[in-house]
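Worksheet: the structure to be examined is printed underneath.
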Amino acid sequence: LVHRSFCLLIQKLEEESNPNDVMNEVSRTHQAIRSLDKSVSSLEMELAVERAKRNGGLGAAVPSKGLPKVFVVVGINTAFSSKKRRDSLRDTWVPRGDKLRQLEKEKGVVVRFVIGHSATPGGALDRAIDVEEAETRDFMRLDHVEGYHELSSKTRIYFAAAVATWDAAFYVKVDDDVHVNLGMLTNRLARYRTTPRVYVGCMKSGPVLSQKGVKYHEPESWKFGDEGNKYFRHATGQIYAISRDLASYISINQPILHRFANEDVSLGAWLIGLEVEHVDDRSLCCATPPDCEWKKQAGNVCAASFDWSCSGICKSVDRMRAIHSACGEGDGAVSNFAAA
């Protein structure tokens with residue numbers, strides 16, 4: 001109907017106006033139609049989310065009413081064997097104890113280590129986390145069986161659990177071998193506070209690896225076209241953020257979201273067909289010193305730093321403190337963030 005009206009408008013203009021006026025009017029009308037189409041698409045998605053919430057949806061989405069309202073939830077992906085990594089973060093950029101609660105209460109910044117359970121719930125691995133959690137109170141426990149090849153499922157479950165626990169503007173996933181400056185991260189995300197459906201990270205498009213036995217092998221490589229093709233643009237898996245609307249979408253549609261071999265590709269696939277703003281923020285993928293140190297000295301503090309060659313910080317347990325000393329924003333940086 002819109003396009004038929006558009007054609008009738010062009011015909012009328014051709015009859016009544018000179019060619020230049022016609023082209024100018026056509027251009028303005030075409031732009032208005034594109035804007036209208038985009039608005040309609042956005043409204044349709046918002047209505048679908050709200051309708052699914054009211055009807056129970058395809059997943060276990062929980063309305064935000066009554067949930068603690070915060071600015072951002074930072075979920076740190078971790079494993080049973082990674083206690084030393086967790087401690088290296090607690091000694092650097094992850095606050096401990098009362099400082100962690102204060103950050104959450106005063107600034108709306110929630111930080112949690114995200115972990116599931118073992119294949120034998122209640123076993124030695126789970127009990128070790130119970131003991132650690134009793135001391136630190138900084139875990140988010142998922143109903144998920146831990147395993148490296150289950151990261152796509154874990155990511156999906158994390159976002160669903162987070163959006164059911166906190167009413168946040170943003171939900172971040174970060175690996176436990178990445179250095180983060182929470183003040184810089186929150187301030188960069190605040191730029192998109194009023195932007196619905198935003199996906200922030202270091203966007204990349206790597207090759208689809210069809211050869212068996214190689215790291216990051218994609219068993220479903222045929223879905224991405226002929227051999228030698230690249231993935232669609234998506235955020236690298238070390239750290240990324242999505243807005244509440246997108247986390248709700250993932251929560252509602254959990255059962256029908258396809259999981260590819262690589263977690264970052266899976267998330268990108270879930271979002272690629274939606275009306276989403278992809279933000280390529282290179283502050284989220286600085287290299288470790290000297291790169292992040294030079295940028296800090298130049299006044300451009302990095303939001304996150306890691307080594308591409310290791311898909312995280314190489315030997316992070318041994319190096320995290322030195323990297324924090326060289327590239328950290330300082331203890332008062334987060335306190336300057338305005339949560340409202």
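Convention: chains lettered A, B, ... in structure tokens order; per-chain residue numbering from 1; ligands numbered from 1 as shown.
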Query raised in the report: Which neighbours of Glu277 of chain A fall inside 9 Å, counting only C-alpha atoms, when residues of the same chain fewer than 5 positions from it are skipped, and could you give them as a PyMOL selection string?
Result: chain A and resi 195-200
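The closest residue to Met184 of chain A, picked from A:Trp93, A:Tyr231, A:Trp270, A:Tyr158 and counting only C-alpha atoms, is A:Trp93.
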Dump as a Markdown table the rows for residues of segment 223-255 of chain A within 12 Å of segment 280-303 of chain A: closest atom pair and distance in Å with one decimal, only C-alpha atoms counted, ordered by chain and rising residue number.
| residue | atom | partner | partner_atom | distance |
| --- | --- | --- | --- | --- |
| A:Arg233 | CA | A:Asp280 | CA | 9.8 |
| A:His234 | CA | A:Asp280 | CA | 9.2 |
| A:Ala235 | CA | A:Asp280 | CA | 7.8 |
| A:Thr236 | CA | A:Cys285 | CA | 8.7 |
| A:Gly237 | CA | A:Cys285 | CA | 10.4 |
| A:Gln238 | CA | A:Cys285 | CA | 8.3 |
| A:Ile239 | CA | A:Leu284 | CA | 7.0 |
| A:Tyr240 | CA | A:Leu284 | CA | 7.8 |
| A:Ala241 | CA | A:Leu284 | CA | 10.1 |
Taking a cut-off of 12 Å and counting only C-alpha atoms, can you build a table that, for each residue of segment 166-273 of chain A near segment 62-76 of chain A, reports the nearest atom pair and how far apart they are in Å (one decimal), sorted by chain then residue number, as a Markdown table?
| residue | atom | partner | partner_atom | distance |
| --- | --- | --- | --- | --- |
| A:Trp166 | CA | A:Pro68 | CA | 5.2 |
| A:Asp167 | CA | A:Lys69 | CA | 4.7 |
| A:Ala168 | CA | A:Val70 | CA | 4.8 |
| A:Ala169 | CA | A:Phe71 | CA | 5.1 |
| A:Phe170 | CA | A:Val72 | CA | 4.7 |
| A:Tyr171 | CA | A:Val73 | CA | 4.9 |
| A:Val172 | CA | A:Val74 | CA | 4.7 |
| A:Lys173 | CA | A:Gly75 | CA | 5.0 |
| A:Val174 | CA | A:Ile76 | CA | 4.9 |
| A:Asp175 | CA | A:Ile76 | CA | 5.5 |
| A:Asp176 | CA | A:Ile76 | CA | 5.8 |
| A:Asp177 | CA | A:Ile76 | CA | 9.3 |
| A:Val178 | CA | A:Ile76 | CA | 9.3 |
| A:His179 | CA | A:Ile76 | CA | 11.0 |
| A:Val180 | CA | A:Val74 | CA | 10.3 |
| A:Asn181 | CA | A:Val74 | CA | 11.7 |
| A:Leu182 | CA | A:Val74 | CA | 9.2 |
| A:Gly183 | CA | A:Val72 | CA | 11.5 |
| A:Leu185 | CA | A:Val72 | CA | 9.7 |
| A:Thr186 | CA | A:Val72 | CA | 7.5 |
| A:Asn187 | CA | A:Phe71 | CA | 10.7 |
| A:Arg188 | CA | A:Val72 | CA | 11.6 |
| A:Leu189 | CA | A:Val72 | CA | 8.7 |
| A:Ala190 | CA | A:Phe71 | CA | 8.6 |
| A:Tyr192 | CA | A:Phe71 | CA | 11.6 |
| A:Arg193 | CA | A:Phe71 | CA | 8.9 |
| A:Gly237 | CA | A:Ile76 | CA | 11.8 |
| A:Gln238 | CA | A:Ile76 | CA | 9.9 |
| A:Ile239 | CA | A:Ile76 | CA | 9.1 |
| A:Tyr240 | CA | A:Val74 | CA | 9.7 |
| A:Ala241 | CA | A:Val74 | CA | 8.7 |
| A:Ile242 | CA | A:Val72 | CA | 9.8 |
| A:Ser243 | CA | A:Val72 | CA | 9.1 |
| A:Arg244 | CA | A:Val72 | CA | 9.5 |
| A:Asp245 | CA | A:Ser64 | CA | 11.1 |
| A:Ala247 | CA | A:Val73 | CA | 11.2 |
| A:Ser248 | CA | A:Val62 | CA | 8.6 |
| A:Tyr249 | CA | A:Val62 | CA | 11.4 |
| A:Ser251 | CA | A:Val62 | CA | 8.7 |
| A:Ile252 | CA | A:Val62 | CA | 8.8 |
Helix (DSSP H, G or I) per DSSP on the backbone: members of segment 74-258 of chain A, as a compact mmCIF listing (two decimals) with C-alpha atoms, in the first residue's frame:
# COMPACT_ATOMS: atom_id res chain seq x y z
CA LYS A 83 40.00 -19.60 40.75
CA LYS A 84 43.42 -18.01 40.26
CA ARG A 85 42.04 -15.95 37.39
CA ARG A 86 39.14 -14.81 39.54
CA ASP A 87 41.47 -13.84 42.35
CA SER A 88 43.67 -11.89 39.92
CA LEU A 89 40.60 -9.83 38.96
CA ARG A 90 39.55 -9.34 42.59
CA GLY A 97 33.04 -7.09 49.73
CA ASP A 98 31.42 -3.82 50.77
CA LYS A 99 32.98 -1.97 47.83
CA LEU A 100 31.20 -4.33 45.44
CA ARG A 101 27.84 -3.69 47.16
CA GLN A 102 28.51 0.05 47.25
CA LEU A 103 29.25 0.09 43.51
CA GLU A 104 25.96 -1.66 42.88
CA LYS A 105 23.88 0.50 45.23
CA GLU A 106 25.35 3.92 44.43
CA LYS A 107 26.33 3.59 40.77
CA ALA A 124 33.45 -31.55 44.61
CA LEU A 125 33.61 -28.84 41.93
CA ASP A 126 30.28 -27.34 42.96
CA ARG A 127 31.16 -27.50 46.65
CA ALA A 128 34.40 -25.61 45.98
CA ILE A 129 32.39 -22.81 44.37
CA ASP A 130 29.98 -22.87 47.35
CA VAL A 131 32.91 -22.23 49.69
CA GLU A 132 34.33 -19.47 47.47
CA GLU A 133 30.93 -17.84 47.09
CA ALA A 134 30.33 -17.83 50.85
CA GLU A 135 33.52 -15.81 51.20
CA THR A 136 33.26 -13.43 48.22
CA TYR A 148 33.98 -25.28 26.81
CA HIS A 149 31.81 -26.45 23.92
CA GLU A 150 28.69 -25.18 25.69
CA LEU A 151 29.60 -21.47 25.71
CA SER A 152 26.81 -20.53 23.32
CA SER A 153 24.26 -22.12 25.64
CA LYS A 154 25.87 -20.50 28.67
CA THR A 155 25.73 -17.06 27.05
CA ARG A 156 22.07 -17.51 26.18
CA ILE A 157 21.22 -18.65 29.72
CA TYR A 158 23.30 -15.86 31.27
CA PHE A 159 21.41 -13.11 29.46
CA ALA A 160 18.07 -14.71 30.31
CA ALA A 161 19.00 -15.04 33.99
CA ALA A 162 20.46 -11.53 34.18
CA VAL A 163 17.41 -9.86 32.64
CA ALA A 164 15.21 -11.80 35.07
CA THR A 165 17.27 -10.62 38.05
CA LEU A 182 34.75 -0.14 34.85
CA GLY A 183 34.59 3.66 34.87
CA MET A 184 35.50 3.92 31.20
CA LEU A 185 33.20 1.02 30.29
CA THR A 186 30.17 2.58 31.98
CA ASN A 187 30.86 6.01 30.53
CA ARG A 188 31.14 4.63 27.00
CA LEU A 189 27.92 2.66 27.37
CA ALA A 190 26.17 5.75 28.75
CA SER A 221 30.33 -23.97 7.73
CA TRP A 222 28.15 -24.79 4.70
CA LYS A 223 25.49 -22.43 6.06
CA PHE A 224 27.84 -19.50 5.53
CA ARG A 244 17.90 -4.55 27.71
CA ASP A 245 15.58 -5.01 24.70
CA LEU A 246 18.05 -7.43 23.12
CA ALA A 247 18.64 -9.35 26.35
CA SER A 248 14.84 -9.67 26.71
CA TYR A 249 14.60 -10.89 23.13
CA ILE A 250 17.19 -13.60 23.85
CA SER A 251 15.40 -14.59 27.05
CA ILE A 252 11.99 -14.86 25.39
CA GLN A 254 15.78 -19.09 24.05
CA PRO A 255 14.38 -22.40 22.77
CA ILE A 256 14.59 -21.41 19.09
Query - Residue list (strand (DSSP E or B), DSSP) for segment 147-299 of chain A, as number ranges by chain - result: A: 167-175, 179-180, 198-204, 207, 209, 217, 230, 234-243, 277-280, 286
Query raised in the report: Do you have the atom CA of Lys230 of chain A-atom CA of Ala261 of chain A distance handy?
Result: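 So the answer is 14.8 Å.
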Query raised in the report: If you measure from atom CA of Gly312 of chain A to atom CA of His217 of chain A, what distance in Å do you get, rounded to one decimal?
Result: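 Value for the atom CA of Gly312 of chain A-atom CA of His217 of chain A distance: 18.7 Å.
Atom CA of Phe306 of chain A lies 24.4 Å from atom CA of Gly116 of chain A.
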